[in-house]
Each structure stands twice: as C-alpha cells, then as structure tokens.
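Enquirer: I'd like to ask you about the structure that follows.
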Amino acid sequence: MKLSGEYVFDGPREEVWKLVRDPEVLMKCMPGTQTVNKISDSEFTGEVTVRIGPFAGVFTGRVIISDEIPPQSCTLTVEGTGKIGFLKGVGAIEMTELEGQKTLMKYSGEAQIGGKVASVGQRLFDTVSKTMMKQGLDTLNGFLKSNAA
Amino acid sequence: MEATNQKIELTVTVNGTRYEREIEPRMLLSDFLRHEIGLTGTHVGCEHGVCGACSVLMDDQPVRSCLMFAVQTQGHEITTVEGLGTMDALSPVQQAFHEAHGLQCGFCTPGILTTVTAFLETNPDPSEEEAREAISGNLCRCTGYQHIVDAVLLAAKKKQAAG
Amino acid sequence: MATLDHNDKKVIGKRVVRNEDPRLLTGQAQYVDDVDLPGMAHAAMFRSEYAHARILSLDVSKARAYPGVLAVFTADDMGADCYPGPPLVSPPPTVKDVVFNSRRQVPLVKEKVRHAGEVIAVVVAETRYIAEDAADLIDIEYEPLPVVADIEQALEADSPLVHDDLDSNLAAQLIQTKGDYEAARKSADVLIRRRFTIERGTAAAMENRGIVAQWDAKSESLTVWDTTQAPIPIRNGLAARLGLSESKVRVIAPFIGGGFGPKIMMFYSEEMLVPWLAIKLNRPVKWIEDRRENFYATTQERGQVHDVEMAFTRDGKILGIKDDFIHDTGAYDPYGLTTPLNTQSHVMGGYDIKNFTSEFKVAFTNKTIVTPMRGAGRPHGVYVIERMMDIAAKELGIDRVEIRRRNLIQPDAFPYEHGIIDQAFAPLIFDSGNYQAALDETLKAIGYEKFVKEEQPRYRAEGRRVGIGVLPFIETTGVGPYEGARVTVEANGKIAVATGVGTQGQGHFTSFAQIVAEQVGVDVTDVRITTGDSAHFNWGTGTFASRGAVVAGNAMHAAAVMVRKKIFKLASKVLNAPEEELELENGVVRVADIPQSSISLKDLAVLANPLRGAVEPGTEPGLEATAYYGPQYGPTAFGVHAMIAEIDPETMMIKILRYVVTEDCGTILNPLILEGQVHGGVALGLGNAYYEKLHFDENAQLLNASFMDYLLVGSTEMPRIDVRHLETRSPLNELGTKGAGEAGAIPVPALFAQTMEDALYDYNFEIRETPLNPNRLFEIVREEKTT
C-alpha cells in the first residue's frame, strides 16, 4: 500500500523541522495519539487510537528516524501492533523552502498492513490514512502559525 | 471492547407471543431470536448486513437482525420465518417456493421469505424485473436466483387468487 | 446386470417437488448452529494475523483469568494430542517420477504460522461473547518472516520456505503423457503458445462452518454435529485420534447450508479441536465460524498458471497439446493431487486429441489451504483448452463453432480411453456421450445463426457491442470408491432409507426417494431418507465430485431392487400366486386381474417380522436390504453453454441478454432439481468470470474478507437460463446416471472471455486470465491497444 503527498506549511523550514522533531508537538498533532515517549533523539514509542470502519483499537508502536539531514530530509520507519492488526511502514520526507517563508513537504512511503485492519478495513485504510495525515499536518501548521504570531 | 454486567429489560412481541427477557445491551437481535428464545429459523450468514439471511420483519418491514441490537426492538412486533406458516399450513409465499423449487440448502431462505412476504404487500403484482430487484439484497449461493424469482411471481399469483 | 428400462420409469425423471422443503421453509430444519445442549460452552479461535511468522512468545494468562472463561488452550497445553491431521487423500500411486510431499495442518500452531488465519489458541467460555472478549486479551509476539505469496516465485531457488524441512516449496510434481507430442508438433502447420493465469475465489456457502461436540463420560461416547460433507470419514478419523471405538463416536451432518467442496476438508483444525475440548472439559462445546474466519480459514481454490502449446493442422485439426502448469496448494496439501489431476483430465476437453503431455508442479505458499471447490480444477482445464480453441480459430480463420465441431469426439468413439489417470487414480475413460447433438441443440436454442447473420450486424450498426459465445465442456463425475444404502419397509408401510453421504441442498431427500419409490411402488413422500448420520449408516465416503446421484443413487437403487424381490417373494407366498402375476403399486401388492387378492406393504412388513412362529432357515427378518455401489471409474457428463451479452466499453458493465445450457448427465432423476443445480453452478461460474476474486497483497494478507468487498453474484446480475436436457445414459451403472453438481460452473469463465472478445470486436485484445472485473477488463483492452 502506497502513501504519498505534499503539504505547504506557512512557515520557514527550520521552524517546521523543529516542530516535527518535538514529541510533545507530534502527540498533539497526530489524531488519536495518547502517549509519546522519547527513547532517543531518533526513536520514539507511543500509543495511538485508530478507527477504521467497523474497527477501533489502540496501536502500540515505534517510530525510528534515520538518514536525517536537518532540516531537509529524513526516513521514518513506523511499526505498530494492536488487537485489530498490525502496520509497518517506511516513508521518506523531504522539505524544500518556498518563497515567502513557506515550506513544501513531500512525503512518500509504503505500508504493510495485516489482521482485521487489512481483511475488512483495507478499502477504508487509504481514506483513513489520508484524512489522518491531513488532520495532523493541518494541526502542525496551526502550531507553526501560532508560534510565529 | 469491555464487557459490562449491565442488563436491560426487553419486552418484545415475536410471532404474536410476548417475550420479557433481561439481556446485555450489546446482544444482537439475531442472537436474541436464535439463542434467547430458541427461534433458530432465522439464520446468520455474514454478520455484516450484506447477505440478508437474517432478515426478519419489524412491524411488517424487513430488517437485518444481525445489524440490530435486541434492545432496539423494545415494544415492537417481530415476525420471523416461524411466524409465516407451519409445515402443515404453508403461507402462500412458502407454498410458492416449494412448488417452484425456490430453495436448495435452505440457509438463505428464511430471510428471503420474510423479505418477499413484505414485498408482495407493497407490490402485489410485480414484474420479473421488480421481483429480481426485491431480492437483490439477499444472497443465495445455490439457486442462481431463477427459481426464487419464479417463486416470487408464483406467490403473487397465489395471493391474488386467494384474494 | 438388469438395467432399468428407460421408457418404463414411473417416478424417476419426473419434476417432483421436494420432500425436505416444508421443514426448510418454516424454520424447522436443524443446522449445526441450531443445536443447543444443556451446559454448552462456546469456543473462539485466536488466529494468526501474519501469513508467515515465528511465534516468539504467547501469553494467555489474562484471557484465562477473564470472568466466564472456562479454559484457554495453546499447542503446549495440548501436548502430545497436538499433531497434524491425516492426509485426506493418500499420496498417488507410483506414476513415473512422481513427487509428493505431504504436509498437513495441526490443531494449534506452536512455532511457526504458515498462513494468516491459522489457529494459535482456543478460548472456551460460558458464552461466545465472553470467549471473543477473552481472545482479545491474548498477548503474542511474532517475528515476521519473508512471505511466499506468488506461486511462480514460490518455486524459485531463492524463495523463502513455507516448510523449513523441505529443500523447496515444491509440494508435488507429476507428468502425464499420451501419444507423442514432440512428433505431433513437428508435423504441425501451426503452433500456438499462450500463458493463462487463474486466481483464487472462495466457495462462500451461506452457512459458515460449525461444530458442536458432546461427551458422555459415563458411556464414553462422543456425539459431534459437524458441517461436513463427509460424516463417516470424520467419525472414523475422530475415533482414531481420540482413541475411541468407532461405535462410540457418532457424527451427524444435519442440514448443511451449502457445501461446494470446502466442507469436506479433513481435518480442519477446529474439527480436531472441538471434540477434544468437549472430552477435556467434559462439557458440550460449540464453535461456529464467523464470515471473516470463513474467508481465510475455510479452504479455497483456483490459483494456477498455465503455459500451453497446441499443434494444429491448417484446417483446424488438433494434433496435440502440451500444458505445463503450477498449482497453488496454499500452506498445506491434505487433499493430495485431486485438483491438479482434475485439471489435467479436462485440458483436452471433449476433443479427440491423440498427443498430450502435461507436467504440473504444486507449490506451497503462505496462503489459505487449497482443496476442491465446485468445479475442482475442471474449470481451469476447460478454460485453457477453450481459450486455445478460440485463439486457434482466429489465427486459422475458421469459425469458432466449426473448429470445435471438427475436433469433438464422435458418438461412435465411446468408450473413449485417454490412457492417463483421473483424480481418483482410475483410468480416464469417457464412458458415453453425444457431443455434437448437444452443440446442435445449443446453437438452435440460442439462435446462433440468426444472431450472427442478422442481429449482431444490426447491433453493431447501432454502435452497440453485443457478443455471442458458445462452447462445450466435459465433467468427470461419480468417482469411487463406493457408497451404500439400506432400504427398509417399516411396519407403518412407509419406507426408511439410510445412506452415509451428507446433504447440502442437492435435494437428496427427494431424488433418492424417487429411486426407491420406483422399485418399491410407493409415493415419493412415503420414502424417508436419512443422510449424514453415522448412527444410521456405518459406511461411506461423502458428498463430493458430483457423485451423489451416481454412487449413492445406484447403491440406493440396488438396495431397493433387493427389497422389491423380498416383497414379491413374501407376497407370493401370502397371496398364493406366482411372483410373475403380482403387481406392486401405491403401497399394495396385487395379483394381476384379481383386484380383491391383495396385501399392503404395511401388512407384509408385519408378516416379515413376526412375533411368534418359526422363521424358515436361511431367511432374514423384515423387508430390508443393504447394498453398495462402487464404480471402477466414473462416468463423464457433457454439455454446451452459450450466451449473448452486451458490454459498455466505457464502464465495462455487462448485461447478459440470453443464456442457454444444454446438459447431458445421463439418466435424469428429477429435472426440476437438475435445473436448480445448473442455475446455481452458472451463478458461481459467472462469479469466477467477472466478480469474485480474493485479493491477497504481497504479504499474503487477504484484503477483501467480507461480502462488502468480495462480490457474490446477486439476483440482478443473473440472467434467466434456458436449460435443455439430453440423456445419454452411462453404461457404467444400472440407473445410467452421471453427475451434475459441478457442471454449471465449469465452462463459464471461458465462455465469458469468448463472448467479451466477440462483443468488443473493434478492440484488439485477448483475455488470458480469470477472474476479471470491469476495471481489469478495461485495463486489458487498453494495454493491448497501446502495445
């Protein structure tokens, strides 16, 4: 399953990068996030409640950041398991400065899903993941703007 | 999902008989009919409202008993396949299914019989196309539907003849 | 052998309505989930989410502690009782160079899961709701392993291994040859090569599987209600597994909500588990599969890839065929080689082909186990040969009906010996047939000539894409080893009949009753059939391979003939008249021409089982007989399907305007029931052609495990089917019957492909895969257009 897209933040690249690397901020941005623990600078664990169609459940997971070139790009490896299935994904993030103190984020990745989430929720997974992504990035952009203000 | 010990009192009329039971709020209507009051004629084929095998009538309208909680039927009247007719006195719809060979394994049949019974009340003289449309929410893996459609049309004739 | 006179039948062949209907129509028929026993506990299965993974840790303590839970068992808890099921079909005999690696499923997985949905633990609780709640509390940690999802990659040297103790994922390999294909191809005018891909679907019986087991500790007896198509072998197998006498195990297959093959997979993990649990806990235990479980725990079929070459003369005569294919067996191969052997047996279709060679390889993959499903390898063979015939017709510029006509086996060529083995390892011999007649009947019924000459040009002038398809198929049916039946005239004058096969909607309570009524001279409604209860009949194999009407039917006929003889012998004595002067009708034996000299079956039954007096030496009490029938090889049915369908090239939505089936399955027992079987088969076939496909991703995760995403054919997709009957008797059995249960499904994907190519005549494309769907067909039409 492939996931890719773009998002334009209303702020400079360094600011965006700082927020993305802050677990406190991420927790507030990612819909359904209940806890985020920083294991190291490049590894976080946490719990996220996910609802996909008829199923809802808590995923416990881990995010590892690698190949990091601040404030430009990094690779994210995400693993999550829960009673409704499992998820494993690798994604690349790339940020480019745009004119007028804006930042373009491009992301692309591939996810594997299994269990109930896959067998029954598959056709909703795409929509749900896009919605969650959009919600999260909008919130992040909100932080950016309020920080700037 | 956490289980609760909370129980709710349910009063419902099924096939003309009044039942009072204390049940968990999460109990499905299909499970209530089959396992609480022993009306096993209603069958469960998919548990997600697609196959139609579990269809029963609530106040004469077809509903999927696997998609409803039993407590939602509070004060309503339910008709299951057992309420349509008996082995010695089949209803016109049941009789038509018998004569037209409108069933094979019989598992989807109760949901189709209730659906068709309600359908013929609103459309007593359907065309073949309307009959197909009427049963399009019921899956059958044995018959290829042809004899079911024949049975629906025959049932309409029987009901009209009976007045 | 006294064959039943064709013209003399009174009951057989009549459109009799079914004896079983009133019970089924009023909700009074008992299915497995309707069994309700005092103290019954409920089981829920904890299944693997991964298709291929090592289990690192498993903790069931929270589930065990959950209120209302009676027990949780893992493979460790089961100990020595946790061993694989038996091979359902024994490995093949020594065909030259045959490879067969038998690997079977276990009740509970201990170390490594090999497909998503394998059972790892079982929870037993006071209610199913509680059992499922508790199963959610089981903690498990996996080490995911590389997944074998594709059958071709499965056989590559660097593929991960499904079974670590084997060198490769090769489950089996077998070559069969006839004549000399290499010589044939050298003398050919034209060689045609193609590759065909066939993917998985599911049987989707409306009733999911289920088992209820009850242990009586005092009498040490076990009763099991099982949605099986083979109650007697399940009884025997359970007795062996549990160390019980077969006489202490009773297996009942009550009314079954559709079987279609997968309900004869022995032993499913749950089938081994639930009876064991009932004994262990000394409580009745029920397990009912849910639909999502059915999607990945009930067996599936149809995954194959074929590489085919056919040699033709310029005028379209087939010189030979070479078909090498890979067959997907999933994670285990309990059902042996039945399905790929069936494919091999059908890849020559109904054609006179002298030179044939076919090698199949069976591959283990990390997918659900494959066992036969309605059609059972036959649709694959028919798809391959009929697609090749269409392609050849185009390349050689011969009409597609004509090229078939030139190659069909002629009526005087039967019995037609192929010299290879069939699914039962018996010689593949087509017993009888009149293939040309079925083709002619179909062409007439669909109006082929008129459509091609008048209607189709008119449609095309209007810009409508309406196509016609016509093709023949064969179906090998009615294989051994045997079935039996017991027929008894009871003291109330009714006839009791018992047989070991189970019934899943085929109308056995009626068609078998007709066979018996024919001999015993009673009304069909006075014959009461008991099927699928090991307490009523001790011997049998099961309902599969389109064999009920052939194998059980002929056993029933033989037993009924014996009872008829007993009736005549006793009546002759009682009425003091020679047997030749007696007539049996309406439950009464009469002396011909002397109406007042008669006796009812009821009175004869009482006389045959006297309470006082002496029984003559050598006589058996009662009017009862048991008989068995076992064919040396099975009869082969035949038919032709034709359809006219319209397609919208923008949306690829189809409308079938006409559909004709000519079915020749020998002597017809009941045309009404037969037509129902054909209709249902065509519906499944259409699903296999254009709607139903199991979507596995590259990790062998099933992505459409619900009826929302896996589309079954509904009433509005189905056309009205015009069924025509021909009756070419089988010379192999007294009734002259051949099987018909699977026939309807077999040719449909091939027919659909032919029709679509004809409808979309102005696009240049070729269909080489099934199942299709509108989206995929659109892609194919596009792809080929741009290349």
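Labeling convention for the structure tokens: chains A, B, ... as they appear, residues from 1 per chain, ligands from 1 in order of appearance.
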Using only C-alpha atoms and a distance of at most 8 Å, pull out the residues of chain C that contact chain B, as a PyMOL selection string.

Expert: chain C and resi 17-18+21-29+34+130+133+204-208+255-258+290-291+504-507+672-673+676-677+679-684+706-708+712-716+718+720-721

Enquirer: Run DSSP on the backbone and give me the residues of chain B it puts in strand (DSSP E), as a ChimeraX atom specification.

Expert: /B:8-14,17-23,55-58,61-64,77-79

Enquirer: Those selected residues, please, written with C-alpha atoms and delivered as an mmCIF file, in the first residue's frame.

Expert:
data_model
loop_
_atom_site.group_PDB
_atom_site.id
_atom_site.type_symbol
_atom_site.label_atom_id
_atom_site.label_comp_id
_atom_site.auth_asym_id
_atom_site.auth_seq_id
_atom_site.Cartn_x
_atom_site.Cartn_y
_atom_site.Cartn_z
ATOM 1 C CA ILE B 8 -31.588 -4.272 30.214
ATOM 2 C CA GLU B 9 -35.142 -5.466 30.401
ATOM 3 C CA LEU B 10 -36.621 -6.108 26.984
ATOM 4 C CA THR B 11 -40.264 -6.633 26.139
ATOM 5 C CA VAL B 12 -40.923 -7.598 22.552
ATOM 6 C CA THR B 13 -43.600 -9.468 20.633
ATOM 7 C CA VAL B 14 -42.307 -12.163 18.317
ATOM 8 C CA THR B 17 -46.020 -14.064 21.523
ATOM 9 C CA ARG B 18 -44.843 -11.560 24.108
ATOM 10 C CA TYR B 19 -41.345 -12.140 25.496
ATOM 11 C CA GLU B 20 -39.771 -10.457 28.506
ATOM 12 C CA ARG B 21 -36.063 -11.001 28.973
ATOM 13 C CA GLU B 22 -33.139 -9.401 30.748
ATOM 14 C CA ILE B 23 -30.326 -9.072 28.259
ATOM 15 C CA SER B 55 -33.812 -10.676 7.666
ATOM 16 C CA VAL B 56 -36.922 -10.561 9.842
ATOM 17 C CA LEU B 57 -39.910 -8.236 9.844
ATOM 18 C CA MET B 58 -40.169 -5.462 12.413
ATOM 19 C CA GLN B 61 -40.863 -4.048 7.497
ATOM 20 C CA PRO B 62 -37.788 -6.159 6.678
ATOM 21 C CA VAL B 63 -34.757 -5.503 8.894
ATOM 22 C CA ARG B 64 -31.384 -7.241 9.238
ATOM 23 C CA GLU B 77 -43.526 -6.607 16.781
ATOM 24 C CA ILE B 78 -41.161 -9.015 15.114
ATOM 25 C CA THR B 79 -42.086 -11.691 12.584
#

Enquirer: Using only C-alpha atoms and a distance of at most 12 Å, pull out the residues of chain C that contact chain A, as a PyMOL selection string.

Expert: chain C and resi 46-52+115-118+132-142+144+291-296+694-710

Enquirer: Using only C-alpha atoms, which of the listed residues (B:Asp59, B:Leu67, B:Leu28, B:Pro126) sits closest to chain A?

Expert: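 Selected residue with least distance to chain A: B:Leu67.
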
Enquirer: Which polymer residues have any atom within 10 Å of an atom of C:Asp97, counting only C-alpha atoms, with same-chain residues fewer than 5 positions away left out, as a PyMOL selection string?

Expert: chain C and resi 173-175

Enquirer: Could those residues be written to a file, using C-alpha atoms, as a compact mmCIF listing (two decimals), in the first residue's frame?

Expert:
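Okay, result.txt is ready:
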# COMPACT_ATOMS: atom_id res chain seq x y z
CA GLN C 173 5.19 -32.84 -9.35
CA LEU C 174 3.63 -35.18 -11.87
CA ILE C 175 3.88 -35.75 -15.60

Enquirer: Select all residues from chain A having any atom no more than 10 Å from an atom of chain B (counting only C-alpha atoms, ignoring ligands), output as a PyMOL selection string.

Expert: chain A and resi 54+56-57

Enquirer: So which residues touch A:Ala92 within 9 Å, counting only C-alpha atoms, skipping near sequence neighbours fewer than 6 positions away, as a ChimeraX atom specification?

Expert: /A:73-77,106-109

Enquirer: Emit the selected residues as a CSV table (one decimal), in the first residue's frame, including C-alpha atoms.

Expert:
chain,number,residue,atom,x,y,z
A,73,SER,CA,15.1,15.2,4.8
A,74,CYS,CA,14.8,12.0,6.8
A,75,THR,CA,13.4,8.5,6.6
A,76,LEU,CA,10.7,7.3,9.0
A,77,THR,CA,10.2,3.7,9.9
A,106,LYS,CA,6.8,15.9,0.2
A,107,TYR,CA,6.3,12.5,1.6
A,108,SER,CA,6.1,9.1,0.1
A,109,GLY,CA,6.1,5.7,1.7

Enquirer: Near stretch 58-60 of chain A, within 7 Å and counting only C-alpha atoms, which residues show up once chain neighbours fewer than 4 positions away are dropped, as a VMD selection string?

Expert: chain A and resid 46 to 50 80 to 82

Enquirer: As an mmCIF file with N, CA and C atoms, in the first residue's frame, list the residues of stretch 569-704 of chain C assigned to alpha helix (DSSP H) by DSSP on the backbone atoms of this structure.

Expert:
data_model
loop_
_atom_site.group_PDB
_atom_site.id
_atom_site.type_symbol
_atom_site.label_atom_id
_atom_site.label_comp_id
_atom_site.auth_asym_id
_atom_site.auth_seq_id
_atom_site.Cartn_x
_atom_site.Cartn_y
_atom_site.Cartn_z
ATOM 1 N N LYS C 569 -41.464 -62.024 -3.092
ATOM 2 C CA LYS C 569 -41.332 -63.407 -2.614
ATOM 3 C C LYS C 569 -42.335 -63.681 -1.496
ATOM 4 N N LEU C 570 -42.399 -62.734 -0.545
ATOM 5 C CA LEU C 570 -43.305 -62.936 0.578
ATOM 6 C C LEU C 570 -44.766 -62.836 0.138
ATOM 7 N N ALA C 571 -45.042 -61.831 -0.714
ATOM 8 C CA ALA C 571 -46.428 -61.647 -1.185
ATOM 9 C C ALA C 571 -46.906 -62.855 -1.965
ATOM 10 N N SER C 572 -45.990 -63.438 -2.716
ATOM 11 C CA SER C 572 -46.337 -64.614 -3.495
ATOM 12 C C SER C 572 -46.818 -65.749 -2.591
ATOM 13 N N LYS C 573 -46.125 -65.869 -1.470
ATOM 14 C CA LYS C 573 -46.499 -66.918 -0.530
ATOM 15 C C LYS C 573 -47.838 -66.608 0.124
ATOM 16 N N VAL C 574 -47.984 -65.337 0.575
ATOM 17 C CA VAL C 574 -49.187 -64.933 1.300
ATOM 18 C C VAL C 574 -50.412 -64.969 0.387
ATOM 19 N N LEU C 575 -50.240 -64.475 -0.837
ATOM 20 C CA LEU C 575 -51.389 -64.392 -1.757
ATOM 21 C C LEU C 575 -51.568 -65.673 -2.558
ATOM 22 N N LEU C 601 -48.148 -53.136 1.813
ATOM 23 C CA LEU C 601 -46.759 -53.239 2.270
ATOM 24 C C LEU C 601 -46.694 -53.238 3.787
ATOM 25 N N LYS C 602 -47.612 -52.487 4.377
ATOM 26 C CA LYS C 602 -47.682 -52.386 5.826
ATOM 27 C C LYS C 602 -47.900 -53.783 6.434
ATOM 28 N N ASP C 603 -48.887 -54.500 5.910
ATOM 29 C CA ASP C 603 -49.169 -55.840 6.426
ATOM 30 C C ASP C 603 -48.033 -56.808 6.111
ATOM 31 N N LEU C 604 -47.452 -56.651 4.937
ATOM 32 C CA LEU C 604 -46.328 -57.527 4.574
ATOM 33 C C LEU C 604 -45.145 -57.299 5.513
ATOM 34 N N ALA C 605 -44.918 -56.024 5.871
ATOM 35 C CA ALA C 605 -43.798 -55.709 6.762
ATOM 36 C C ALA C 605 -43.989 -56.365 8.121
ATOM 37 N N VAL C 606 -45.222 -56.376 8.581
ATOM 38 C CA VAL C 606 -45.513 -57.014 9.876
ATOM 39 C C VAL C 606 -45.300 -58.521 9.764
ATOM 40 N N LEU C 607 -45.772 -59.104 8.673
ATOM 41 C CA LEU C 607 -45.613 -60.547 8.467
ATOM 42 C C LEU C 607 -44.141 -60.945 8.345
ATOM 43 N N PRO C 671 -35.794 -33.429 -13.188
ATOM 44 C CA PRO C 671 -35.363 -32.266 -13.976
ATOM 45 C C PRO C 671 -35.421 -30.952 -13.196
ATOM 46 N N LEU C 672 -36.384 -30.855 -12.286
ATOM 47 C CA LEU C 672 -36.524 -29.626 -11.506
ATOM 48 C C LEU C 672 -35.263 -29.397 -10.669
ATOM 49 N N ILE C 673 -34.844 -30.454 -9.985
ATOM 50 C CA ILE C 673 -33.646 -30.367 -9.143
ATOM 51 C C ILE C 673 -32.408 -30.162 -10.012
ATOM 52 N N LEU C 674 -32.345 -30.871 -11.117
ATOM 53 C CA LEU C 674 -31.194 -30.740 -12.021
ATOM 54 C C LEU C 674 -31.055 -29.307 -12.528
ATOM 55 N N GLU C 675 -32.181 -28.714 -12.933
ATOM 56 C CA GLU C 675 -32.124 -27.328 -13.416
ATOM 57 C C GLU C 675 -31.625 -26.397 -12.314
ATOM 58 N N GLY C 676 -32.082 -26.631 -11.096
ATOM 59 C CA GLY C 676 -31.612 -25.823 -9.977
ATOM 60 C C GLY C 676 -30.112 -25.932 -9.801
ATOM 61 N N GLN C 677 -29.593 -27.149 -9.945
ATOM 62 C CA GLN C 677 -28.143 -27.351 -9.832
ATOM 63 C C GLN C 677 -27.401 -26.582 -10.928
ATOM 64 N N VAL C 678 -27.942 -26.641 -12.135
ATOM 65 C CA VAL C 678 -27.291 -25.956 -13.257
ATOM 66 C C VAL C 678 -27.315 -24.435 -13.033
ATOM 67 N N HIS C 679 -28.477 -23.911 -12.636
ATOM 68 C CA HIS C 679 -28.582 -22.461 -12.394
ATOM 69 C C HIS C 679 -27.540 -21.998 -11.375
ATOM 70 N N GLY C 680 -27.462 -22.730 -10.275
ATOM 71 C CA GLY C 680 -26.533 -22.347 -9.208
ATOM 72 C C GLY C 680 -25.089 -22.425 -9.661
ATOM 73 N N GLY C 681 -24.795 -23.435 -10.462
ATOM 74 C CA GLY C 681 -23.444 -23.584 -10.980
ATOM 75 C C GLY C 681 -23.066 -22.428 -11.884
ATOM 76 N N VAL C 682 -23.988 -22.038 -12.749
ATOM 77 C CA VAL C 682 -23.711 -20.922 -13.657
ATOM 78 C C VAL C 682 -23.463 -19.642 -12.843
ATOM 79 N N ALA C 683 -24.237 -19.457 -11.780
ATOM 80 C CA ALA C 683 -24.060 -18.254 -10.951
ATOM 81 C C ALA C 683 -22.643 -18.212 -10.369
ATOM 82 N N LEU C 684 -22.181 -19.344 -9.863
ATOM 83 C CA LEU C 684 -20.802 -19.383 -9.345
ATOM 84 C C LEU C 684 -19.807 -19.144 -10.482
ATOM 85 N N GLY C 685 -20.079 -19.762 -11.618
ATOM 86 C CA GLY C 685 -19.189 -19.604 -12.768
ATOM 87 C C GLY C 685 -19.075 -18.147 -13.194
ATOM 88 N N LEU C 686 -20.202 -17.435 -13.199
ATOM 89 C CA LEU C 686 -20.175 -16.012 -13.541
ATOM 90 C C LEU C 686 -19.370 -15.224 -12.518
ATOM 91 N N GLY C 687 -19.507 -15.626 -11.256
ATOM 92 C CA GLY C 687 -18.687 -15.012 -10.213
ATOM 93 C C GLY C 687 -17.218 -15.218 -10.514
ATOM 94 N N ASN C 688 -16.853 -16.441 -10.853
ATOM 95 C CA ASN C 688 -15.462 -16.762 -11.176
ATOM 96 C C ASN C 688 -14.986 -16.048 -12.440
ATOM 97 N N ALA C 689 -15.938 -15.642 -13.282
ATOM 98 C CA ALA C 689 -15.563 -14.967 -14.515
ATOM 99 C C ALA C 689 -15.391 -13.460 -14.317
ATOM 100 N N TYR C 690 -16.281 -12.837 -13.535
ATOM 101 C CA TYR C 690 -16.309 -11.365 -13.582
ATOM 102 C C TYR C 690 -16.517 -10.666 -12.239
#

Enquirer: Got a sec: who's within 12 Å of C:Ser245, counting only C-alpha atoms, leaving out chain neighbours fewer than 2 positions off, as an MDAnalysis selection string?

Expert: chainID C and resid 219:222 235:243 247:250

Enquirer: For the selection just defined, write its residues with C-alpha atoms to a file, as a compact mmCIF listing (two decimals), in the first residue's frame.

Expert:
# COMPACT_ATOMS: atom_id res chain seq x y z
CA SER C 219 -20.99 -44.25 28.39
CA GLU C 220 -17.69 -42.99 26.98
CA SER C 221 -19.43 -41.86 23.87
CA LEU C 222 -18.96 -38.79 21.74
CA ARG C 235 -16.32 -40.31 12.56
CA ASN C 236 -13.57 -42.78 11.71
CA GLY C 237 -10.86 -40.18 11.93
CA LEU C 238 -12.08 -38.75 15.23
CA ALA C 239 -12.30 -42.21 16.77
CA ALA C 240 -8.72 -42.88 15.72
CA ARG C 241 -7.47 -39.51 17.02
CA LEU C 242 -9.26 -39.75 20.32
CA GLY C 243 -8.58 -43.44 20.96
CA SER C 247 -19.05 -47.39 17.60
CA LYS C 248 -18.69 -44.86 20.41
CA VAL C 249 -18.43 -41.87 18.12
CA ARG C 250 -21.47 -40.55 16.31

Enquirer: Using only C-alpha atoms, which residue out of A:Arg62, A:Asp10, A:Ser129, A:Phe44 lies closest to A:Glu24?

Expert: A:Phe44

Enquirer: Hey, can you check how far atom CA of C:Phe430 sits from atom CA of C:Gln176?

Expert: 17.2 Å

Enquirer: Using only C-alpha atoms, pick whichever of C:Pro87, C:Gly630, C:Gly553, C:Gly336 has the shortest atom-to-atom distance to C:Gln514.

Expert: C:Gly553

Enquirer: What does the distance from atom CA of B:Ala151 to atom CA of B:Ile112 come to in Å, to one decimal?

Expert: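 Atom-to-atom, atom CA of B:Ala151 and atom CA of B:Ile112 are spaced 10.8 Å apart.
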
Enquirer: For C:Asn775, list every protein, DNA or RNA residue within 12 Å, evaluated using only C-alpha atoms, and leave out those in the same chain fewer than 4 positions away; present the list as a ChimeraX atom specification.

Expert: /C:649-653,690-691,771,779-782
